[in-house]
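Below is work-v6.tsv, which holds TSV, C-alpha atoms.
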```tsv
chain	number	residue	atom	x	y	z
A	486	MET	CA	145.59	84.77	87.25
A	487	ALA	CA	141.91	85.61	86.75
A	488	SER	CA	139.22	83.03	87.34
A	489	PRO	CA	137.54	81.73	84.17
A	490	LYS	CA	134.01	82.78	83.30
A	491	GLN	CA	131.19	80.35	83.98
A	492	VAL	CA	128.97	79.26	81.10
A	493	SER	CA	125.35	78.54	82.01
A	494	GLU	CA	123.21	76.03	80.16
A	495	HIS	CA	121.10	78.91	78.83
A	496	GLU	CA	124.16	80.69	77.41
A	497	ALA	CA	125.75	77.59	75.87
A	498	HIS	CA	125.61	76.77	72.17
A	499	GLY	CA	127.07	74.26	69.76
A	500	GLU	CA	129.14	71.46	71.26
A	501	VAL	CA	129.07	73.00	74.74
A	502	GLU	CA	125.28	73.02	74.72
A	503	ARG	CA	125.25	69.38	73.62
A	504	VAL	CA	127.69	68.26	76.31
A	505	LEU	CA	125.93	70.13	79.11
A	506	TYR	CA	122.62	68.59	78.09
A	507	GLU	CA	124.13	65.09	78.00
A	508	MET	CA	125.79	65.62	81.37
A	509	ARG	CA	122.54	66.72	82.96
A	510	GLN	CA	120.71	63.71	81.54
A	511	THR	CA	123.40	61.21	82.46
A	512	LEU	CA	123.98	62.59	85.95
A	513	ARG	CA	120.18	62.53	86.46
A	514	VAL	CA	119.86	66.10	87.72
A	515	THR	CA	117.88	69.24	86.86
A	516	GLY	CA	120.99	71.44	86.64
A	517	LEU	CA	124.77	71.42	86.78
A	518	ASP	CA	127.11	72.78	89.42
A	519	VAL	CA	129.69	75.56	89.15
A	520	THR	CA	132.54	73.12	88.52
A	521	VAL	CA	130.96	72.03	85.25
A	522	ARG	CA	129.95	75.57	84.37
A	523	THR	CA	133.55	76.66	84.84
A	524	TRP	CA	134.92	73.79	82.75
A	525	ALA	CA	132.43	74.83	80.06
A	526	SER	CA	134.42	78.00	79.43
A	527	PHE	CA	137.07	75.71	77.87
A	528	GLU	CA	135.07	74.24	74.97
A	529	ARG	CA	137.64	71.80	73.60
A	530	PHE	CA	138.50	70.55	77.06
A	531	LEU	CA	134.83	70.11	78.00
A	532	VAL	CA	134.15	68.00	74.92
A	533	GLY	CA	137.28	65.89	75.37
A	534	MET	CA	136.71	65.47	79.08
A	535	TRP	CA	133.12	64.33	78.55
A	536	GLU	CA	134.19	61.82	75.90
A	537	ALA	CA	136.56	60.36	78.48
A	538	MET	CA	134.20	60.47	81.48
A	539	GLY	CA	130.74	60.01	79.97
A	540	PRO	CA	130.68	56.20	79.76
A	541	ASN	CA	131.54	55.89	83.45
A	542	THR	CA	128.91	58.32	84.69
A	543	GLU	CA	125.97	56.30	83.40
A	544	THR	CA	127.06	53.10	85.16
A	545	ARG	CA	125.77	51.55	88.35
A	546	ALA	CA	129.37	51.61	89.60
A	547	PHE	CA	129.53	55.41	89.40
A	548	GLU	CA	126.12	55.79	91.04
A	549	SER	CA	127.17	53.41	93.82
A	550	ALA	CA	130.43	55.31	94.32
A	551	ALA	CA	128.50	58.54	94.86
A	552	ASP	CA	126.11	56.70	97.19
A	553	GLU	CA	129.08	55.51	99.26
A	554	VAL	CA	130.49	59.03	99.53
A	555	ARG	CA	127.06	60.35	100.53
A	556	ALA	CA	126.57	57.65	103.17
A	557	GLN	CA	129.99	58.45	104.65
A	558	ALA	CA	129.08	62.16	104.78
A	559	VAL	CA	125.78	61.35	106.49
A	560	GLU	CA	127.57	59.32	109.16
A	561	ALA	CA	130.06	62.14	109.69
A	562	ALA	CA	127.26	64.70	110.00
A	563	GLU	CA	125.53	62.51	112.57
A	564	ARG	CA	128.72	62.40	114.64
A	565	LEU	CA	129.00	66.18	114.48
A	566	GLY	CA	125.41	66.63	115.71
A	567	ARG	CA	122.38	68.54	114.46
A	568	LEU	CA	122.80	72.13	113.37
A	569	GLY	CA	119.53	73.58	114.65
A	570	ALA	CA	118.94	75.95	111.73
A	571	TRP	CA	115.78	74.22	110.47
A	572	ASP	CA	113.96	74.86	113.73
A	573	ALA	CA	115.39	78.36	114.18
A	574	VAL	CA	113.48	80.02	111.32
A	575	VAL	CA	109.79	80.44	110.57
A	576	LEU	CA	108.95	79.21	107.08
A	577	GLY	CA	105.56	78.61	105.52
A	578	GLU	CA	104.48	75.18	104.36
A	579	SER	CA	105.25	75.96	100.70
A	580	GLN	CA	108.64	77.45	101.61
A	581	ARG	CA	109.60	74.38	103.62
A	582	TYR	CA	108.58	72.13	100.75
A	583	HIS	CA	110.82	73.99	98.30
A	584	VAL	CA	113.77	74.25	100.70
A	585	ARG	CA	113.58	70.50	101.27
A	586	GLY	CA	113.59	69.96	97.52
A	587	ALA	CA	116.67	72.14	97.07
A	588	LEU	CA	118.49	70.28	99.85
A	589	GLU	CA	117.64	66.90	98.29
A	590	LEU	CA	118.89	68.05	94.88
A	591	TYR	CA	122.32	69.13	96.10
A	592	HIS	CA	122.60	66.23	98.54
A	593	TYR	CA	122.25	63.98	95.50
A	594	LEU	CA	124.44	65.99	93.10
A	595	ASN	CA	127.45	66.92	95.25
A	596	PRO	CA	128.75	63.39	95.94
A	597	LYS	CA	128.51	62.64	92.22
A	598	MET	CA	130.49	65.75	91.40
A	599	LEU	CA	133.13	64.86	93.99
A	600	VAL	CA	133.78	61.43	92.46
A	601	PHE	CA	133.59	62.90	88.95
A	602	THR	CA	136.04	65.71	89.77
A	603	SER	CA	138.42	63.35	91.56
A	604	ALA	CA	138.55	61.18	88.44
A	605	VAL	CA	139.27	64.17	86.19
A	606	LYS	CA	141.88	65.57	88.56
A	607	LEU	CA	143.73	62.26	88.93
A	608	ALA	CA	143.70	61.66	85.18
A	609	LEU	CA	145.08	65.14	84.49
A	610	GLN	CA	147.92	64.29	86.87
A	611	ASP	CA	148.66	61.25	84.69
A	612	GLU	CA	147.43	58.78	87.29
A	613	PRO	CA	145.56	55.69	86.05
A	614	VAL	CA	141.80	56.02	86.47
A	615	GLY	CA	139.32	53.30	85.63
A	616	ALA	CA	139.63	49.72	84.41
A	617	LEU	CA	140.48	48.42	80.97
A	618	GLN	CA	137.22	46.65	80.23
A	619	PRO	CA	135.04	46.84	77.10
A	620	LEU	CA	132.59	49.73	76.87
A	621	GLY	CA	129.06	48.57	77.54
A	622	SER	CA	130.10	45.72	79.82
A	623	ALA	CA	129.12	47.48	83.07
A	624	GLU	CA	125.52	47.79	84.26
A	625	ARG	CA	123.98	51.10	83.30
A	626	ILE	CA	121.23	53.15	84.94
A	627	GLU	CA	118.33	55.12	83.51
A	628	ARG	CA	119.03	58.65	82.34
A	629	GLY	CA	117.11	61.80	83.16
A	630	ALA	CA	116.26	63.62	86.37
A	631	PRO	CA	113.70	61.89	88.62
A	632	SER	CA	110.23	63.40	88.25
A	633	ARG	CA	110.07	64.60	91.84
A	634	MET	CA	113.49	66.34	91.77
A	635	MET	CA	113.25	70.09	92.28
A	636	ALA	CA	114.31	72.41	89.47
A	637	MET	CA	117.69	74.04	90.07
A	638	GLU	CA	117.20	77.75	90.74
A	639	TRP	CA	119.73	80.32	91.88
A	640	VAL	CA	119.88	83.90	93.11
A	641	GLU	CA	122.23	86.12	91.09
A	642	ASP	CA	125.78	85.99	92.43
A	643	ARG	CA	125.65	89.79	92.86
A	644	PRO	CA	122.17	90.25	94.35
A	645	ASP	CA	120.52	93.60	95.02
A	646	ASP	CA	120.01	92.63	98.67
A	647	ALA	CA	122.99	94.05	100.60
A	648	ARG	CA	122.60	91.44	103.32
A	649	LEU	CA	122.95	88.65	100.76
A	650	ARG	CA	125.99	90.29	99.17
A	651	VAL	CA	127.76	90.33	102.55
A	652	LEU	CA	126.69	86.75	103.20
A	653	PHE	CA	127.87	85.57	99.78
A	654	LYS	CA	131.26	87.24	100.28
A	655	ASP	CA	131.70	85.51	103.64
A	656	ILE	CA	130.68	82.12	102.23
A	657	GLN	CA	133.03	82.48	99.25
A	658	GLU	CA	135.96	83.42	101.48
A	659	THR	CA	135.27	80.49	103.79
A	660	VAL	CA	134.78	77.68	101.26
A	661	GLY	CA	137.37	78.99	98.81
A	662	PRO	CA	137.64	79.24	95.02
A	663	PRO	CA	136.81	78.89	92.21
A	664	SER	CA	133.43	80.60	92.75
A	665	LEU	CA	130.39	80.81	95.00
A	666	PRO	CA	128.82	77.31	95.27
A	667	GLY	CA	125.43	76.92	93.66
A	668	GLU	CA	123.74	75.43	96.72
A	669	PHE	CA	124.22	78.64	98.70
A	670	ARG	CA	122.91	80.73	95.83
A	671	GLY	CA	119.96	78.35	95.67
A	672	LEU	CA	119.23	78.55	99.39
A	673	ALA	CA	119.44	82.34	99.15
A	674	LEU	CA	115.93	82.20	97.71
A	675	TRP	CA	115.05	81.92	101.42
A	676	PRO	CA	117.44	84.48	102.99
A	677	GLU	CA	116.37	83.90	106.59
A	678	TYR	CA	117.04	80.20	106.32
A	679	LEU	CA	120.41	80.70	104.61
A	680	GLU	CA	121.45	83.23	107.24
A	681	ALA	CA	120.49	80.90	110.10
A	682	THR	CA	122.25	78.02	108.39
A	683	TRP	CA	125.49	79.87	107.71
A	684	GLU	CA	125.62	81.35	111.20
A	685	ARG	CA	125.78	77.80	112.58
A	686	LEU	CA	127.65	76.05	109.78
A	687	LYS	CA	130.62	78.40	109.45
A	688	PRO	CA	132.06	77.81	112.96
A	689	ARG	CA	131.69	74.05	112.47
A	690	MET	CA	133.61	74.21	109.18
A	691	ARG	CA	136.59	75.68	111.04
A	692	THR	CA	136.99	72.80	113.48
A	693	GLU	CA	139.66	70.10	113.28
A	694	GLU	CA	136.99	67.42	113.38
A	695	TRP	CA	135.32	68.87	110.29
A	696	ALA	CA	138.66	68.98	108.48
A	697	ARG	CA	139.35	65.32	109.33
A	698	GLU	CA	135.96	64.24	108.02
A	699	CYS	CA	136.51	66.17	104.77
A	700	ASP	CA	139.95	64.62	104.33
A	701	ALA	CA	138.37	61.18	104.76
A	702	LEU	CA	135.71	61.98	102.15
A	703	LEU	CA	138.38	63.09	99.69
A	704	GLU	CA	140.35	59.90	100.25
A	705	THR	CA	137.22	57.81	99.67
A	706	SER	CA	136.36	59.73	96.51
A	707	ARG	CA	139.80	59.20	95.00
A	708	ARG	CA	139.78	55.51	95.86
A	709	LEU	CA	136.41	55.05	94.18
A	710	ALA	CA	137.38	57.16	91.18
A	711	ARG	CA	140.37	54.92	90.52
A	712	ARG	CA	138.03	51.90	90.48
A	713	LEU	CA	135.54	53.19	87.89
A	714	PRO	CA	134.70	50.55	85.28
A	715	TYR	CA	136.18	52.29	82.22
A	716	GLU	CA	139.55	53.88	81.62
A	717	VAL	CA	139.50	57.70	81.68
A	718	ALA	CA	141.63	58.81	78.73
A	719	LEU	CA	142.73	62.23	79.97
A	720	SER	CA	146.26	63.49	80.60
A	721	LYS	CA	148.46	66.57	80.66
A	722	GLU	CA	149.49	65.73	77.12
A	723	ARG	CA	145.84	65.62	76.05
A	724	LEU	CA	145.36	69.18	77.35
A	725	GLU	CA	148.28	70.35	75.23
A	726	VAL	CA	146.84	68.62	72.16
A	727	LEU	CA	143.53	70.38	72.77
A	728	ARG	CA	145.40	73.73	72.87
A	729	GLU	CA	143.71	74.80	76.09
A	730	ASP	CA	145.14	76.68	79.08
A	731	ALA	CA	146.35	73.56	80.87
A	732	GLU	CA	147.57	75.42	83.94
A	733	LEU	CA	144.27	77.20	84.50
A	734	ILE	CA	142.18	74.06	83.89
A	735	GLN	CA	144.26	72.07	86.34
A	736	ARG	CA	144.09	74.85	88.92
A	737	VAL	CA	140.30	75.07	88.69
A	738	THR	CA	139.98	71.28	88.89
A	739	VAL	CA	142.25	71.01	91.94
A	740	GLN	CA	140.37	73.83	93.69
A	741	SER	CA	137.01	72.25	92.93
A	742	GLU	CA	138.04	68.81	94.18
A	743	TRP	CA	139.55	70.28	97.35
A	744	ARG	CA	136.38	72.08	98.39
A	745	LEU	CA	133.75	69.56	97.23
A	746	PRO	CA	134.11	67.43	100.41
A	747	VAL	CA	133.24	70.58	102.37
A	748	LEU	CA	130.10	71.02	100.29
A	749	VAL	CA	129.19	67.32	100.48
A	750	LEU	CA	129.50	67.32	104.27
A	751	GLY	CA	127.73	70.66	104.53
A	752	MET	CA	124.73	69.41	102.59
A	753	ALA	CA	124.62	66.17	104.59
A	754	THR	CA	124.56	68.34	107.71
A	755	LEU	CA	121.64	70.42	106.42
A	756	VAL	CA	119.68	67.37	105.30
A	757	GLY	CA	120.22	65.75	108.70
A	758	ASP	CA	119.06	68.97	110.35
A	759	VAL	CA	115.65	68.66	108.66
A	760	GLY	CA	115.24	65.23	110.20
A	761	ASP	CA	112.88	63.33	107.91
A	762	LEU	CA	114.57	63.57	104.50
A	763	GLU	CA	116.10	60.48	102.90
A	764	ARG	CA	119.79	60.82	103.73
A	765	ARG	CA	121.59	58.02	101.92
A	766	LEU	CA	119.61	57.33	98.72
A	767	PRO	CA	117.49	60.40	97.94
A	768	PHE	CA	116.86	59.36	94.32
A	769	PRO	CA	117.45	55.61	93.77
A	770	ALA	CA	118.35	54.75	90.18
A	771	GLU	CA	116.72	52.00	88.14
A	772	ALA	CA	118.70	49.73	85.84
A	773	ARG	CA	118.69	50.68	82.19
A	774	LEU	CA	117.44	47.68	80.25
A	775	VAL	CA	118.70	47.87	76.67
A	776	PRO	CA	120.37	45.28	74.40
A	777	ASP	CA	124.17	45.12	74.35
A	778	PHE	CA	124.41	46.15	70.70
A	779	VAL	CA	122.40	49.32	71.43
A	780	VAL	CA	124.72	50.12	74.34
A	781	GLY	CA	127.73	49.73	72.08
A	782	GLU	CA	126.30	52.06	69.44
A	783	GLU	CA	125.34	54.73	71.98
A	784	LEU	CA	128.81	54.77	73.52
A	785	ARG	CA	130.67	55.18	70.22
```
Have the structure of the file written as structure tokens, please.
Amino acid sequence: MASPKQVSEHEAHGEVERVLYEMRQTLRVTGLDVTVRTWASFERFLVGMWEAMGPNTETRAFESAADEVRAQAVEAAERLGRLGAWDAVVLGESQRYHVRGALELYHYLNPKMLVFTSAVKLALQDEPVGALQPLGSAERIERGAPSRMMAMEWVEDRPDDARLRVLFKDIQETVGPPSLPGEFRGLALWPEYLEATWERLKPRMRTEEWARECDALLETSRRLARRLPYEVALSKERLEVLREDAELIQRVTVQSEWRLPVLVLGMATLVGDVGDLERRLPFPAEARLVPDFVVGEELR
């Protein structure tokens, strides 16, 4: 079975364009990861999934769940020890500034996507996700990416540089499907740094200790997903009603959830390797102060 095509925010139109924009605003990021871009190839599913998940993602509870996952990953990375890649390459001041920004972006985004994907995956397996409480009753946070967050930029997944093509192939085979993670394509803007990072990170990913830490992150993510404030109205039956390829959507979702702990722990390891980046709360969220009746109207 072939992997579905990814839809970028620049290629999207109509309802897909609207949903991707709303997701980026609500998740407070400058771009979306490959899980979302893959889901976007199923337009009806994307719209239905966002209707079910959107109210949760703008709550303090969702933000705090991602913060908990990130903090757990940071503690795991500290136990595993520093990687040594940051000090192994020579980068200019401007290059270091931009690499740090890219690391902060994905260190913030990946835990959110893990909790988000766990919620979708559990719901599609007909497991109860979220609480039955009125929409608008949970505290919400401000939308929009923080002003100091770096723009999300990627190298093409089939770059002209032969060294990068070999590196991308190795990374993809190691982390698994559905497609090459965006953070590695982003870090490929600085090939020497990515090469030094992967040379040290790959052997660590193959250890039993790494696997145990990833399993623990996945367990935490599922526990937190089940406790989201609002019920997630997704199911196998809903996929059939939407007339989408249910088997392919479920396969992509399972694959994405399985490997996201690897990416979360990997980014926590790289951030810890830098030494002076904020590890647990890179972009703290402010409360969104709006009247209850406005909240109710916006969530309809």
With all atoms of stretch 708-714 of chain A from the file as input, state the centre and edge lengths in Å to one decimal of the axis-aligned box that has 8 Å extra on each side, as lines of an AutoDock Vina configuration file.
```
center_x = 137.5
center_y = 53.9
center_z = 90.6
size_x = 21.7
size_y = 22.6
size_z = 26.6
```
Who sits within 9 Å of A:Leu565, only C-alpha atoms, same chain under 6 positions skipped, as a PDB file with C-alpha atoms, keeping the file's coordinate frame:
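Produced file selection24.pdb, reproduced below:
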```
ATOM      1  CA  ARG A 689     131.690  74.050 112.470  1.00  0.00           C
ATOM      2  CA  GLU A 694     136.990  67.420 113.380  1.00  0.00           C
ATOM      3  CA  TRP A 695     135.320  68.870 110.290  1.00  0.00           C
ATOM      4  CA  THR A 754     124.560  68.340 107.710  1.00  0.00           C
TER       5      THR A 754
END
```
Distance in Å - atom CA of A:Leu686 versus atom CA of A:Thr523: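 Interatomic distance, atom CA of A:Leu686 to atom CA of A:Thr523: 25.6 Å.
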Selection: 9 Å around A:Pro666, all atoms listed in the file, excl. self and same-chain fewer than 4 positions, as a list in words: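 Residues near the query, excluding close chain neighbours: Asp518, Val519, Thr520, Ile656, Gln657, Val660, Arg670, Gly671 and Leu748 of chain A.
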Contact residues around A:Pro676 with only C-alpha atoms at 9 Å, ignoring same-chain residues under 5 positions, as a VMD selection string: chain A and resid 648 to 649 681
Minimum-distance residue to A:Tyr593, chosen among A:Thr515, A:Asn541, A:Ser493, A:Gln610 (using only C-alpha atoms):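 Answer, going by the shortest atom-to-atom distance: A:Thr515.
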All residues 10 Å or closer to stretch 727-742 of chain A, all atoms listed in the file, same chain fewer than 4 positions away omitted, as JSON, numbers by chain: {"A": [486, 487, 488, 489, 519, 520, 521, 523, 524, 526, 527, 528, 529, 530, 532, 533, 598, 599, 600, 601, 602, 603, 604, 605, 606, 607, 609, 610, 661, 662, 663, 664, 666, 703, 706, 707, 721, 722, 723, 746, 747]}
Selected residue of minimal separation from A:Gln618 among A:Arg581, A:Arg685, A:His592, A:Arg712, counting all atoms listed in the file: A:Arg712
Long-range neighbours of A:Ala570 as a VMD selection string, 7 Å cut-off, only C-alpha atoms, 3 positions minimum in chain: chain A and resid 573 to 574 681 to 682
Would you mind exporting C-alpha atoms of the selected residues as a CSV table (one decimal), in the frame of the given file?
```
chain,number,residue,atom,x,y,z
A,573,ALA,CA,115.4,78.4,114.2
A,574,VAL,CA,113.5,80.0,111.3
A,681,ALA,CA,120.5,80.9,110.1
A,682,THR,CA,122.2,78.0,108.4
```
Given all atoms listed in the file as the counted atoms, nearest of A:Thr705, A:Ser579, A:Gln510, A:Ser632 to A:Ala550: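 Going through A:Thr705, A:Ser579, A:Gln510, A:Ser632 one by one, the smallest distance to A:Ala550 is for A:Thr705.
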Which residue of A:Leu505, A:Val651, A:Leu719, A:Leu665 approaches A:Pro613 most closely, using all atoms listed in the file: A:Leu719
Closest of A:Val501, A:Thr692, A:Ala608, A:Leu652 to A:Ala673 - atom-to-atom distances counting all atoms listed in the file: A:Leu652
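Put simply, atom CA of A:Arg773 is 19.7 Å away from atom CA of A:Leu594.
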